[in-house]
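S.K.: Got my_file07.pdb for you, PDB, C-alpha atoms and all ligand atoms:
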MODEL        1
ATOM      1  CA  MET J   1       0.192   8.300 -20.897
ATOM      2  CA  ALA J   2       1.169   5.488 -23.145
ATOM      3  CA  ILE J   3      -0.934   3.035 -21.197
ATOM      4  CA  ASP J   4      -4.083   5.179 -21.165
ATOM      5  CA  LEU J   5      -6.961   3.302 -22.695
ATOM      6  CA  GLU J   6      -7.320   4.606 -26.206
ATOM      7  CA  ASN J   7      -8.901   1.382 -27.426
ATOM      8  CA  LYS J   8     -12.654   0.929 -27.403
ATOM      9  CA  ASN J   9     -12.199  -2.460 -25.743
ATOM     10  CA  ILE J  10     -11.218  -1.633 -22.176
ATOM     11  CA  TYR J  11      -9.784  -5.126 -21.660
ATOM     12  CA  LEU J  12      -7.353  -4.851 -24.573
ATOM     13  CA  PRO J  13      -3.735  -4.394 -23.445
ATOM     14  CA  ARG J  14      -1.098  -2.408 -25.321
ATOM     15  CA  LEU J  15       2.254  -4.025 -25.965
ATOM     16  CA  TYR J  16       5.465  -2.371 -24.773
ATOM     17  CA  GLN J  17       9.060  -3.373 -25.307
ATOM     18  CA  ILE J  18      11.157  -4.488 -22.364
ATOM     19  CA  MET J  19      14.287  -2.273 -22.288
ATOM     20  CA  GLU J  20      15.995  -3.889 -19.325
ATOM     21  CA  ILE J  21      15.493  -6.681 -16.806
ATOM     22  CA  ILE J  22      17.196  -6.235 -13.434
ATOM     23  CA  PRO J  23      17.556  -9.390 -11.320
ATOM     24  CA  GLU J  24      16.747  -8.423  -7.705
ATOM     25  CA  THR J  25      16.648 -11.725  -5.758
ATOM     26  CA  SER J  26      16.406 -15.420  -6.669
ATOM     27  CA  ASP J  27      12.697 -14.974  -7.514
ATOM     28  CA  ILE J  28      12.197 -11.237  -8.114
ATOM     29  CA  LYS J  29      13.052  -9.268 -11.259
ATOM     30  CA  THR J  30      12.464  -5.622 -12.171
ATOM     31  CA  PHE J  31      11.225  -4.999 -15.725
ATOM     32  CA  ARG J  32      11.855  -1.564 -17.291
ATOM     33  CA  LEU J  33       9.559  -0.849 -20.265
ATOM     34  CA  ASP J  34      10.038   1.709 -23.011
ATOM     35  CA  LEU J  35       7.026   4.032 -23.401
ATOM     36  CA  GLU J  36       8.241   5.016 -26.869
ATOM     37  CA  GLY J  37       8.538   8.762 -26.241
ATOM     38  CA  GLU J  38       5.391   9.068 -24.143
ATOM     39  CA  ASN J  39       5.267   9.704 -20.397
ATOM     40  CA  SER J  40       3.284   7.771 -17.853
ATOM     41  CA  SER J  41       0.246   9.511 -16.386
ATOM     42  CA  HIS J  42      -0.010   7.186 -13.369
ATOM     43  CA  LEU J  43       0.310   8.458  -9.810
ATOM     44  CA  PRO J  44       2.117   6.642  -6.968
ATOM     45  CA  GLY J  45       0.027   3.777  -5.544
ATOM     46  CA  GLN J  46      -1.592   2.707  -8.821
ATOM     47  CA  PHE J  47      -1.175  -0.668 -10.511
ATOM     48  CA  ALA J  48      -1.535  -2.129 -14.007
ATOM     49  CA  GLU J  49      -2.707  -5.462 -15.391
ATOM     50  CA  LEU J  50       0.254  -7.187 -17.086
ATOM     51  CA  PHE J  51      -0.628  -9.588 -19.885
ATOM     52  CA  VAL J  52       1.250 -12.496 -21.459
ATOM     53  CA  PRO J  53      -0.534 -13.839 -24.581
ATOM     54  CA  GLY J  54      -1.786 -17.382 -24.128
ATOM     55  CA  VAL J  55      -1.146 -17.321 -20.371
ATOM     56  CA  GLY J  56      -3.148 -14.554 -18.684
ATOM     57  CA  GLU J  57      -2.978 -11.374 -16.657
ATOM     58  CA  ALA J  58      -1.697 -10.309 -13.220
ATOM     59  CA  PRO J  59      -2.149  -7.039 -11.319
ATOM     60  CA  ILE J  60       1.247  -5.516 -10.499
ATOM     61  CA  SER J  61       2.087  -2.212  -8.779
ATOM     62  CA  ILE J  62       3.784   0.426 -10.889
ATOM     63  CA  THR J  63       7.069   0.814  -9.035
ATOM     64  CA  SER J  64       8.525   3.658 -11.096
ATOM     65  CA  SER J  65       7.652   7.229 -10.171
ATOM     66  CA  PRO J  66       5.752   9.355 -12.699
ATOM     67  CA  THR J  67       8.716  11.753 -12.398
ATOM     68  CA  GLN J  68      10.792   9.139 -14.309
ATOM     69  CA  LYS J  69      10.064  10.093 -17.905
ATOM     70  CA  GLY J  70       9.499   7.699 -20.801
ATOM     71  CA  ILE J  71       9.632   4.468 -18.824
ATOM     72  CA  LEU J  72       7.502   2.241 -16.659
ATOM     73  CA  GLU J  73       8.920  -0.227 -14.122
ATOM     74  CA  PHE J  74       7.432  -3.308 -12.448
ATOM     75  CA  SER J  75       9.125  -5.539  -9.866
ATOM     76  CA  ILE J  76       7.683  -9.013 -10.023
ATOM     77  CA  LYS J  77       7.974 -12.014  -7.747
ATOM     78  CA  ARG J  78       7.644 -15.381  -9.477
ATOM     79  CA  THR J  79       4.670 -17.041  -7.759
ATOM     80  CA  GLY J  80       2.567 -18.860 -10.373
ATOM     81  CA  LEU J  81       1.544 -19.050 -14.018
ATOM     82  CA  VAL J  82       1.566 -15.437 -15.192
ATOM     83  CA  THR J  83       4.471 -14.190 -13.098
ATOM     84  CA  SER J  84       6.582 -17.205 -14.190
ATOM     85  CA  ALA J  85       5.750 -16.463 -17.841
ATOM     86  CA  ILE J  86       6.820 -12.826 -17.345
ATOM     87  CA  HIS J  87      10.070 -14.023 -15.731
ATOM     88  CA  ARG J  88      10.809 -16.060 -18.893
ATOM     89  CA  LEU J  89      10.700 -12.910 -21.087
ATOM     90  CA  ASN J  90      13.916 -11.274 -22.337
ATOM     91  CA  PRO J  91      14.960  -7.696 -23.180
ATOM     92  CA  ASN J  92      13.307  -6.552 -26.468
ATOM     93  CA  ASP J  93      10.336  -8.893 -25.875
ATOM     94  CA  ARG J  94       6.959  -7.196 -25.552
ATOM     95  CA  LEU J  95       4.692  -7.209 -22.504
ATOM     96  CA  GLY J  96       0.972  -6.341 -22.582
ATOM     97  CA  ILE J  97      -0.177  -3.589 -20.225
ATOM     98  CA  ARG J  98      -3.561  -2.106 -19.400
ATOM     99  CA  GLY J  99      -4.110   0.565 -16.774
ATOM    100  CA  PRO J 100      -3.227   2.501 -14.716
ATOM    101  CA  TYR J 101      -5.853   1.350 -12.233
ATOM    102  CA  GLY J 102      -6.822   1.954  -8.631
ATOM    103  CA  ASN J 103      -6.596   4.941  -6.357
ATOM    104  CA  THR J 104      -3.333   6.629  -5.399
ATOM    105  CA  PHE J 105      -1.487   7.456  -2.215
ATOM    106  CA  PRO J 106      -3.265  10.581  -0.892
ATOM    107  CA  LEU J 107      -0.789  13.103  -2.292
ATOM    108  CA  SER J 108      -2.701  16.195  -1.152
ATOM    109  CA  ASP J 109      -2.856  14.882   2.454
ATOM    110  CA  LEU J 110       0.837  13.978   2.363
ATOM    111  CA  THR J 111       2.024  17.309   0.953
ATOM    112  CA  GLY J 112       3.689  19.470   3.621
ATOM    113  CA  GLN J 113       3.976  16.503   6.019
ATOM    114  CA  ASN J 114       6.778  14.486   7.639
ATOM    115  CA  LEU J 115       6.733  11.023   6.019
ATOM    116  CA  LEU J 116       7.725   7.700   7.573
ATOM    117  CA  PHE J 117       7.952   4.920   4.943
ATOM    118  CA  ILE J 118       8.077   1.352   6.255
ATOM    119  CA  ALA J 119       8.491  -1.565   3.840
ATOM    120  CA  GLY J 120       9.165  -5.289   4.041
ATOM    121  CA  GLY J 121      10.506  -7.447   1.192
ATOM    122  CA  ILE J 122       8.897  -6.795  -2.186
ATOM    123  CA  GLY J 123       6.450  -4.491  -0.355
ATOM    124  CA  LEU J 124       8.964  -1.776  -1.191
ATOM    125  CA  ALA J 125       7.774  -1.922  -4.843
ATOM    126  CA  PRO J 126       4.574   0.186  -4.488
ATOM    127  CA  LEU J 127       6.191   2.503  -1.910
ATOM    128  CA  ARG J 128       9.198   3.103  -4.166
ATOM    129  CA  SER J 129       6.995   4.970  -6.650
ATOM    130  CA  LEU J 130       5.985   7.431  -3.921
ATOM    131  CA  ILE J 131       9.474   7.589  -2.353
ATOM    132  CA  ASN J 132      11.102   8.562  -5.663
ATOM    133  CA  TYR J 133       8.260  11.012  -6.334
ATOM    134  CA  VAL J 134       8.892  12.707  -2.954
ATOM    135  CA  LEU J 135      12.683  12.665  -3.450
ATOM    136  CA  ASP J 136      12.484  14.154  -6.950
ATOM    137  CA  THR J 137      14.389  17.458  -7.125
ATOM    138  CA  GLU J 138      11.273  19.387  -8.135
ATOM    139  CA  LYS J 139       9.030  17.814  -5.486
ATOM    140  CA  ARG J 140      11.354  17.405  -2.473
ATOM    141  CA  ASN J 141      10.572  20.809  -0.912
ATOM    142  CA  HIS J 142       6.821  20.024  -0.982
ATOM    143  CA  PHE J 143       7.440  17.517   1.837
ATOM    144  CA  LYS J 144       9.141  17.860   5.240
ATOM    145  CA  LYS J 145      11.313  15.200   6.884
ATOM    146  CA  VAL J 146      11.516  11.757   5.278
ATOM    147  CA  THR J 147      12.449   8.540   7.082
ATOM    148  CA  ILE J 148      12.594   5.186   5.279
ATOM    149  CA  LEU J 149      12.757   1.896   7.194
ATOM    150  CA  TYR J 150      13.225  -1.117   4.937
ATOM    151  CA  GLY J 151      13.659  -4.737   5.979
ATOM    152  CA  ALA J 152      13.867  -8.186   4.418
ATOM    153  CA  ARG J 153      14.314 -11.736   5.685
ATOM    154  CA  SER J 154      18.006 -11.850   4.704
ATOM    155  CA  PRO J 155      20.507  -9.660   2.788
ATOM    156  CA  GLN J 156      19.763 -11.785  -0.322
ATOM    157  CA  ASP J 157      16.064 -10.836  -0.093
ATOM    158  CA  LEU J 158      16.616  -7.052  -0.268
ATOM    159  CA  VAL J 159      15.252  -5.577  -3.500
ATOM    160  CA  PHE J 160      16.456  -2.459  -5.376
ATOM    161  CA  LYS J 161      19.945  -2.759  -3.802
ATOM    162  CA  TRP J 162      21.224  -0.500  -6.610
ATOM    163  CA  GLU J 163      18.865   2.247  -5.424
ATOM    164  CA  LEU J 164      19.116   1.668  -1.657
ATOM    165  CA  LYS J 165      22.753   2.842  -1.861
ATOM    166  CA  LYS J 166      21.596   6.171  -3.353
ATOM    167  CA  TRP J 167      19.032   6.633  -0.576
ATOM    168  CA  GLN J 168      21.669   5.733   2.031
ATOM    169  CA  ASN J 169      23.941   8.483   0.683
ATOM    170  CA  ARG J 170      21.293  11.231   0.757
ATOM    171  CA  GLU J 171      21.709  13.742   3.560
ATOM    172  CA  ASP J 172      18.122  15.015   3.419
ATOM    173  CA  ILE J 173      16.544  11.729   4.563
ATOM    174  CA  THR J 174      16.995   9.132   7.303
ATOM    175  CA  PHE J 175      17.405   5.641   5.882
ATOM    176  CA  LEU J 176      17.295   2.541   8.089
ATOM    177  CA  LEU J 177      17.948  -0.948   6.737
ATOM    178  CA  THR J 178      17.441  -4.199   8.601
ATOM    179  CA  VAL J 179      17.333  -7.944   7.971
ATOM    180  CA  ASP J 180      15.748 -10.685  10.070
ATOM    181  CA  ARG J 181      18.886 -12.804   9.744
ATOM    182  CA  GLY J 182      22.345 -11.519   8.743
ATOM    183  CA  ASP J 183      25.195 -13.458   7.138
ATOM    184  CA  ASP J 184      29.011 -13.286   7.317
ATOM    185  CA  GLN J 185      29.127 -10.143   5.158
ATOM    186  CA  TRP J 186      26.229  -8.279   6.784
ATOM    187  CA  LYS J 187      27.436  -5.407   9.000
ATOM    188  CA  GLY J 188      24.074  -3.651   9.380
ATOM    189  CA  THR J 189      21.110  -3.921  11.720
ATOM    190  CA  VAL J 190      19.542  -7.304  12.447
ATOM    191  CA  GLY J 191      15.956  -7.312  13.711
ATOM    192  CA  LEU J 192      12.326  -7.487  12.671
ATOM    193  CA  VAL J 193      10.915  -4.300  11.141
ATOM    194  CA  PRO J 194       8.381  -3.553  13.949
ATOM    195  CA  ASN J 195      11.107  -3.953  16.624
ATOM    196  CA  VAL J 196      13.595  -1.782  14.737
ATOM    197  CA  LEU J 197      10.818   0.771  14.320
ATOM    198  CA  LYS J 198      10.121   0.953  18.061
ATOM    199  CA  GLU J 199      13.815   1.012  19.005
ATOM    200  CA  ASN J 200      15.212   3.373  16.375
ATOM    201  CA  VAL J 201      12.509   5.758  15.169
ATOM    202  CA  GLN J 202      11.809   8.607  17.567
ATOM    203  CA  VAL J 203       9.237  10.962  16.083
ATOM    204  CA  ASN J 204       6.254  12.911  17.381
ATOM    205  CA  PRO J 205       3.504  10.648  15.966
ATOM    206  CA  LEU J 206       1.045  13.510  15.754
ATOM    207  CA  GLU J 207       3.324  15.297  13.277
ATOM    208  CA  TRP J 208       4.050  12.382  10.921
ATOM    209  CA  LYS J 209       2.219  10.245   8.353
ATOM    210  CA  SER J 210       3.274   6.618   7.960
ATOM    211  CA  ILE J 211       3.025   4.699   4.697
ATOM    212  CA  ILE J 212       3.598   0.948   4.975
ATOM    213  CA  CYS J 213       3.654  -2.120   2.743
ATOM    214  CA  GLY J 214       4.925  -5.662   3.139
ATOM    215  CA  PRO J 215       3.797  -9.188   3.949
ATOM    216  CA  PRO J 216       0.491  -9.304   5.904
ATOM    217  CA  ILE J 217       2.220 -10.407   9.138
ATOM    218  CA  MET J 218       4.684  -7.507   8.925
ATOM    219  CA  ILE J 219       1.872  -5.029   8.252
ATOM    220  CA  LYS J 220      -0.084  -6.375  11.233
ATOM    221  CA  PHE J 221       2.774  -5.967  13.729
ATOM    222  CA  THR J 222       3.980  -2.685  12.220
ATOM    223  CA  ILE J 223       0.518  -1.159  12.611
ATOM    224  CA  LYS J 224       0.456  -2.415  16.219
ATOM    225  CA  ALA J 225       3.860  -0.778  16.859
ATOM    226  CA  LEU J 226       2.769   2.492  15.232
ATOM    227  CA  LEU J 227      -0.390   2.595  17.368
ATOM    228  CA  GLU J 228       1.726   1.966  20.498
ATOM    229  CA  MET J 229       3.971   4.861  19.437
ATOM    230  CA  GLY J 230       0.875   7.072  19.312
ATOM    231  CA  PHE J 231       0.120   7.208  15.564
ATOM    232  CA  GLN J 232      -3.546   7.830  14.778
ATOM    233  CA  PRO J 233      -5.433   5.397  12.413
ATOM    234  CA  PRO J 234      -6.040   8.055   9.694
ATOM    235  CA  ASP J 235      -2.266   8.740   9.608
ATOM    236  CA  ILE J 236      -1.355   5.112   8.859
ATOM    237  CA  ILE J 237      -1.657   4.330   5.137
ATOM    238  CA  THR J 238      -1.183   0.960   3.473
ATOM    239  CA  THR J 239      -1.878  -0.822   0.197
ATOM    240  CA  LEU J 240      -3.666  -4.188  -0.189
ATOM    241  CA  GLU J 241      -2.976  -7.111  -2.547
ATOM    242  CA  MET J 242      -6.301  -8.916  -2.977
ATOM    243  CA  ARG J 243      -6.929 -11.481  -5.727
ATOM    244  CA  MET J 244      -8.212  -9.534  -8.759
ATOM    245  CA  LYS J 245      -9.537 -10.200 -12.244
ATOM    246  CA  CYS J 246     -10.746  -7.179 -14.231
ATOM    247  CA  GLY J 247      -8.991  -4.437 -12.230
ATOM    248  CA  LEU J 248     -11.802  -2.118 -13.280
ATOM    249  CA  GLY J 249     -14.508  -2.490 -10.634
ATOM    250  CA  LYS J 250     -16.680  -4.643 -12.957
ATOM    251  CA  CYS J 251     -16.270  -8.344 -12.113
ATOM    252  CA  GLY J 252     -16.710  -8.191  -8.309
ATOM    253  CA  ARG J 253     -13.703 -10.500  -7.727
ATOM    254  CA  CYS J 254     -11.915  -8.203  -5.274
ATOM    255  CA  ASN J 255     -14.614  -6.854  -3.009
ATOM    256  CA  ILE J 256     -14.256  -6.488   0.745
ATOM    257  CA  GLY J 257     -17.543  -5.361   2.255
ATOM    258  CA  PRO J 258     -18.645  -2.286   0.293
ATOM    259  CA  TYR J 259     -15.232  -1.725  -1.342
ATOM    260  CA  TYR J 260     -13.764  -2.948  -4.618
ATOM    261  CA  VAL J 261     -10.056  -3.079  -3.823
ATOM    262  CA  CYS J 262      -9.176  -2.544  -7.511
ATOM    263  CA  LYS J 263     -11.186   0.686  -7.731
ATOM    264  CA  ASP J 264     -11.629   2.100  -4.207
ATOM    265  CA  GLY J 265      -8.127   0.858  -3.285
ATOM    266  CA  PRO J 266      -5.559  -0.595  -3.259
ATOM    267  CA  VAL J 267      -4.518   2.279  -0.951
ATOM    268  CA  PHE J 268      -6.435   2.543   2.337
ATOM    269  CA  THR J 269      -5.867   4.196   5.706
ATOM    270  CA  TYR J 270      -5.867   2.019   8.795
ATOM    271  CA  GLN J 271      -9.013   3.867   9.835
ATOM    272  CA  GLN J 272     -10.754   2.541   6.699
ATOM    273  CA  LEU J 273      -9.419  -1.000   7.281
ATOM    274  CA  GLN J 274     -10.783  -0.985  10.831
ATOM    275  CA  ASN J 275     -14.284  -0.655   9.393
ATOM    276  CA  MET J 276     -13.875  -3.547   6.916
ATOM    277  CA  PRO J 277     -14.756  -7.222   7.439
ATOM    278  CA  GLU J 278     -11.792  -9.390   8.585
ATOM    279  CA  GLU J 279     -11.216 -10.964   5.127
ATOM    280  CA  TYR J 280      -8.406  -8.636   3.925
TER     281      TYR J 280
HETATM  282  C1  LIG J 301      -2.920  -4.184  -6.531
HETATM  283  C2  LIG J 301      -1.911  -5.311  -6.566
HETATM  284  C3  LIG J 301      -0.566  -5.012  -6.733
HETATM  285  C4  LIG J 301       0.377  -6.039  -6.773
HETATM  286  N1  LIG J 301       1.675  -5.700  -6.962
HETATM  287  C5  LIG J 301       2.602  -6.671  -7.087
HETATM  288  C6  LIG J 301       3.966  -6.322  -7.365
HETATM  289  O1  LIG J 301       4.340  -5.146  -7.476
HETATM  290  N2  LIG J 301       4.844  -7.342  -7.510
HETATM  291  C7  LIG J 301       4.467  -8.661  -7.380
HETATM  292  O2  LIG J 301       5.320  -9.540  -7.540
HETATM  293  N3  LIG J 301       3.199  -9.013  -7.106
HETATM  294  C8  LIG J 301       2.250  -8.055  -6.968
HETATM  295  N4  LIG J 301       0.953  -8.407  -6.725
HETATM  296  C9  LIG J 301       0.605  -9.841  -6.579
HETATM  297  C10 LIG J 301       0.447 -10.457  -7.959
HETATM  298  O3  LIG J 301      -0.681  -9.905  -8.598
HETATM  299  C11 LIG J 301       0.265 -11.976  -7.852
HETATM  300  O4  LIG J 301       1.449 -12.552  -7.339
HETATM  301  C12 LIG J 301       0.003 -12.553  -9.245
HETATM  302  O5  LIG J 301      -1.280 -12.154  -9.687
HETATM  303  C13 LIG J 301       0.087 -14.038  -9.218
HETATM  304  O6  LIG J 301      -0.269 -14.476 -10.512
HETATM  305  P1  LIG J 301       0.275 -15.845 -11.112
HETATM  306  O7  LIG J 301      -0.539 -16.180 -12.308
HETATM  307  O8  LIG J 301       1.756 -15.776 -11.293
HETATM  308  O9  LIG J 301       0.004 -16.848  -9.915
HETATM  309  P2  LIG J 301      -1.193 -17.916  -9.823
HETATM  310  O10 LIG J 301      -0.813 -19.104 -10.649
HETATM  311  O11 LIG J 301      -2.513 -17.251 -10.080
HETATM  312  O12 LIG J 301      -1.112 -18.218  -8.269
HETATM  313  C14 LIG J 301       0.090 -18.652  -7.631
HETATM  314  C15 LIG J 301      -0.040 -18.454  -6.134
HETATM  315  O13 LIG J 301      -0.104 -17.037  -5.824
HETATM  316  C16 LIG J 301      -1.286 -16.753  -5.110
HETATM  317  N5  LIG J 301      -1.791 -15.431  -5.590
HETATM  318  C17 LIG J 301      -2.287 -15.152  -6.800
HETATM  319  N6  LIG J 301      -2.659 -13.863  -6.875
HETATM  320  C18 LIG J 301      -2.402 -13.321  -5.673
HETATM  321  C19 LIG J 301      -2.556 -12.027  -5.113
HETATM  322  N7  LIG J 301      -3.115 -11.017  -5.778
HETATM  323  N8  LIG J 301      -2.151 -11.847  -3.850
HETATM  324  C20 LIG J 301      -1.612 -12.832  -3.144
HETATM  325  N9  LIG J 301      -1.429 -14.082  -3.616
HETATM  326  C21 LIG J 301      -1.819 -14.315  -4.853
HETATM  327  C22 LIG J 301      -2.238 -17.873  -5.426
HETATM  328  O14 LIG J 301      -3.169 -18.069  -4.396
HETATM  329  C23 LIG J 301      -1.306 -19.059  -5.550
HETATM  330  O15 LIG J 301      -0.994 -19.581  -4.288
HETATM  331  C24 LIG J 301      -0.025  -7.403  -6.655
HETATM  332  C25 LIG J 301      -1.378  -7.699  -6.474
HETATM  333  C26 LIG J 301      -2.306  -6.674  -6.432
HETATM  334  C27 LIG J 301      -3.746  -6.997  -6.264
HETATM  335  S1  LIG J 302     -11.031  -7.060  -9.920
HETATM  336 FE1  LIG J 302     -12.942  -6.960 -10.911
HETATM  337  S2  LIG J 302     -14.090  -5.701  -9.569
HETATM  338 FE2  LIG J 302     -12.087  -5.617  -8.749
ENDMDL
END
Represent the structure contained in this file as structure tokens.
M.R.:
Amino acid sequence: MAIDLENKNIYLPRLYQIMEIIPETSDIKTFRLDLEGENSSHLPGQFAELFVPGVGEAPISITSSPTQKGILEFSIKRTGLVTSAIHRLNPNDRLGIRGPYGNTFPLSDLTGQNLLFIAGGIGLAPLRSLINYVLDTEKRNHFKKVTILYGARSPQDLVFKWELKKWQNREDITFLLTVDRGDDQWKGTVGLVPNVLKENVQVNPLEWKSIICGPPIMIKFTIKALLEMGFQPPDIITTLEMRMKCGLGKCGRCNIGPYYVCKDGPVFTYQQLQNMPEEY
């Protein structure tokens, strides 16, 4: 992969050109980078450290699927120094990348299974890599039924609207969209993700795996709803966003109990989270 570490200095990023910047919401943009003829070797669930010279680095999930050749995509919410500096970049500017880092969604455990994806807000970014991997023409028959439930605070907060339409039109998946608050134009479902889950998703929980990501409060109540539906802790998979520095399991910045989130995670099952200290 283009971002594999060929340099002796493991902290040295490689610079890639921004091909396209897609505005998603008032404070989220998707950056598509050109891998200059190479393909990414990352797997869904991994992240990279993005670097802006003179400003610093931030860990960001790789939102593109490895089945998308020659590009790498990141969807970034403007929160502070580094993410604001990335938001100021323009097409043809270069962005520093090192990675890919972290573990992946457990692809071998998910193969041959029914998959229920549940995402809130920008939490769709890490799940999107796996969703597009599963929906890829060559991979689709490796998985059984697919249901996607995606929610945001308002219609303006939905990300990847350009891709949601494609998922909505697919006949081989069930796609549910909801917002906490609608507006005059919104004709779809209104309701919080965990409530829409309980009211609209009827599955045999022992025959499905659920993969979830979103704001901590949404994850908390979605896990509660899944457990009430009868899902087992090993079948609930999520991904954590701890503060990080090196991304490599060396600085100790991201540890929770015995785990380094950057190396042992960011993907964990709910069963693993149950055995961790409360700090996550
Ligand atoms: C594995 C992983 C994947 C991530 N994927 C994405 C992604 O796909 N898209 C995205 O927009 N963001 C993602 N994040 C969060 C992103 O890394 C932070 O928003 C970013 O580091 C903030 O950097 P900054 O310099 O802009 O903000 P700073 O100036 O450092 O901080 C601004 C504010 O953000 C808070 N903050 C900083 N880092 C984090 C963090 N890691 N988690 C929560 N709050 C934080 C600070 O406490 C402060 O309140 C991910 C984080 C991790 C660990
Ligand atoms: S960020 Fe340095 S050990 Fe995880």
S.K.: Pick from J:Ile173, J:Ile256, J:Met242, J:Val201: nearest to Val134 (chain J), with all atoms listed in the file counted?
M.R.: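 The shortest atom-to-atom distance to Val134 (chain J) comes from J:Ile173.
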S.K.: From the set J:Ser61, J:Asn255, J:Asn114, J:Asn90, which residue has the shortest atom-to-atom contact distance to ligand LIG 302 (chain J), counting all atoms listed in the file?
M.R.: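 Of all the options, J:Asn255 lies closest to ligand LIG 302 (chain J).
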S.K.: Got a sec to check which residues lie within 10 Å of ligand LIG 301 (chain J), using all atoms listed in the file, and send them as a PyMOL selection string?
M.R.: chain J and resi 27-30+45-50+55-63+73-87+101-103+122-127+215-216+239-245+247+254+261-263+265-267
S.K.: Using C-alpha atoms, can you export the residues from the last selection as a compact mmCIF listing (two decimals), in the coordinates of the input?
M.R.:
# COMPACT_ATOMS: atom_id res chain seq x y z
CA ASP J 27 12.70 -14.97 -7.51
CA ILE J 28 12.20 -11.24 -8.11
CA LYS J 29 13.05 -9.27 -11.26
CA THR J 30 12.46 -5.62 -12.17
CA GLY J 45 0.03 3.78 -5.54
CA GLN J 46 -1.59 2.71 -8.82
CA PHE J 47 -1.18 -0.67 -10.51
CA ALA J 48 -1.54 -2.13 -14.01
CA GLU J 49 -2.71 -5.46 -15.39
CA LEU J 50 0.25 -7.19 -17.09
CA VAL J 55 -1.15 -17.32 -20.37
CA GLY J 56 -3.15 -14.55 -18.68
CA GLU J 57 -2.98 -11.37 -16.66
CA ALA J 58 -1.70 -10.31 -13.22
CA PRO J 59 -2.15 -7.04 -11.32
CA ILE J 60 1.25 -5.52 -10.50
CA SER J 61 2.09 -2.21 -8.78
CA ILE J 62 3.78 0.43 -10.89
CA THR J 63 7.07 0.81 -9.04
CA GLU J 73 8.92 -0.23 -14.12
CA PHE J 74 7.43 -3.31 -12.45
CA SER J 75 9.12 -5.54 -9.87
CA ILE J 76 7.68 -9.01 -10.02
CA LYS J 77 7.97 -12.01 -7.75
CA ARG J 78 7.64 -15.38 -9.48
CA THR J 79 4.67 -17.04 -7.76
CA GLY J 80 2.57 -18.86 -10.37
CA LEU J 81 1.54 -19.05 -14.02
CA VAL J 82 1.57 -15.44 -15.19
CA THR J 83 4.47 -14.19 -13.10
CA SER J 84 6.58 -17.20 -14.19
CA ALA J 85 5.75 -16.46 -17.84
CA ILE J 86 6.82 -12.83 -17.34
CA HIS J 87 10.07 -14.02 -15.73
CA TYR J 101 -5.85 1.35 -12.23
CA GLY J 102 -6.82 1.95 -8.63
CA ASN J 103 -6.60 4.94 -6.36
CA ILE J 122 8.90 -6.80 -2.19
CA GLY J 123 6.45 -4.49 -0.36
CA LEU J 124 8.96 -1.78 -1.19
CA ALA J 125 7.77 -1.92 -4.84
CA PRO J 126 4.57 0.19 -4.49
CA LEU J 127 6.19 2.50 -1.91
CA PRO J 215 3.80 -9.19 3.95
CA PRO J 216 0.49 -9.30 5.90
CA THR J 239 -1.88 -0.82 0.20
CA LEU J 240 -3.67 -4.19 -0.19
CA GLU J 241 -2.98 -7.11 -2.55
CA MET J 242 -6.30 -8.92 -2.98
CA ARG J 243 -6.93 -11.48 -5.73
CA MET J 244 -8.21 -9.53 -8.76
CA LYS J 245 -9.54 -10.20 -12.24
CA GLY J 247 -8.99 -4.44 -12.23
CA CYS J 254 -11.92 -8.20 -5.27
CA VAL J 261 -10.06 -3.08 -3.82
CA CYS J 262 -9.18 -2.54 -7.51
CA LYS J 263 -11.19 0.69 -7.73
CA GLY J 265 -8.13 0.86 -3.28
CA PRO J 266 -5.56 -0.60 -3.26
CA VAL J 267 -4.52 2.28 -0.95
S.K.: Please report the interatomic distance between CA of Gln272 (chain J) and CA of Gly99 (chain J) in Å with one decimal.
M.R.: 24.5 Å
S.K.: Pull out every residue that the PyMOL selection byres (((chain J and resi 268) around 6) and not hetatm) matches in the shown coordinates and put them as a list of chain:residue names.
M.R.: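 Evaluating the PyMOL selection byres (((chain J and resi 268) around 6) and not hetatm) on this file yields J:Ile237, J:Thr238, J:Val267, J:Thr269.
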S.K.: Write out, as a short mmCIF file (atom, residue, chain, number, x, y, z; two decimals), keeping the file's coordinate frame, the residues just selected, with C-alpha atoms.
M.R.:
data_model
loop_
_atom_site.label_atom_id
_atom_site.label_comp_id
_atom_site.auth_asym_id
_atom_site.auth_seq_id
_atom_site.Cartn_x
_atom_site.Cartn_y
_atom_site.Cartn_z
CA ILE J 237 -1.66 4.33 5.14
CA THR J 238 -1.18 0.96 3.47
CA VAL J 267 -4.52 2.28 -0.95
CA THR J 269 -5.87 4.20 5.71
#
S.K.: Quick check, in Å to one decimal: how far apart do CA of Val193 (chain J) and CA of Gln156 (chain J) lie?
M.R.: 16.3 Å
S.K.: With the PyMOL selection byres (((chain J and resi 218) around 9) and not hetatm) as the selection, what would be picked from this file? Answer as a PDB file with C-alpha atoms, in the frame of the given file, please.
M.R.:
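That gives us result-v5.pdb:
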ATOM      1  CA  ALA J 119       8.491  -1.565   3.840  1.00  0.00           C
ATOM      2  CA  GLY J 120       9.165  -5.289   4.041  1.00  0.00           C
ATOM      3  CA  LEU J 192      12.326  -7.487  12.671  1.00  0.00           C
ATOM      4  CA  VAL J 193      10.915  -4.300  11.141  1.00  0.00           C
ATOM      5  CA  PRO J 194       8.381  -3.553  13.949  1.00  0.00           C
ATOM      6  CA  CYS J 213       3.654  -2.120   2.743  1.00  0.00           C
ATOM      7  CA  GLY J 214       4.925  -5.662   3.139  1.00  0.00           C
ATOM      8  CA  PRO J 215       3.797  -9.188   3.949  1.00  0.00           C
ATOM      9  CA  PRO J 216       0.491  -9.304   5.904  1.00  0.00           C
ATOM     10  CA  ILE J 217       2.220 -10.407   9.138  1.00  0.00           C
ATOM     11  CA  ILE J 219       1.872  -5.029   8.252  1.00  0.00           C
ATOM     12  CA  LYS J 220      -0.084  -6.375  11.233  1.00  0.00           C
ATOM     13  CA  PHE J 221       2.774  -5.967  13.729  1.00  0.00           C
ATOM     14  CA  THR J 222       3.980  -2.685  12.220  1.00  0.00           C
ATOM     15  CA  ILE J 223       0.518  -1.159  12.611  1.00  0.00           C
TER      16      ILE J 223
END
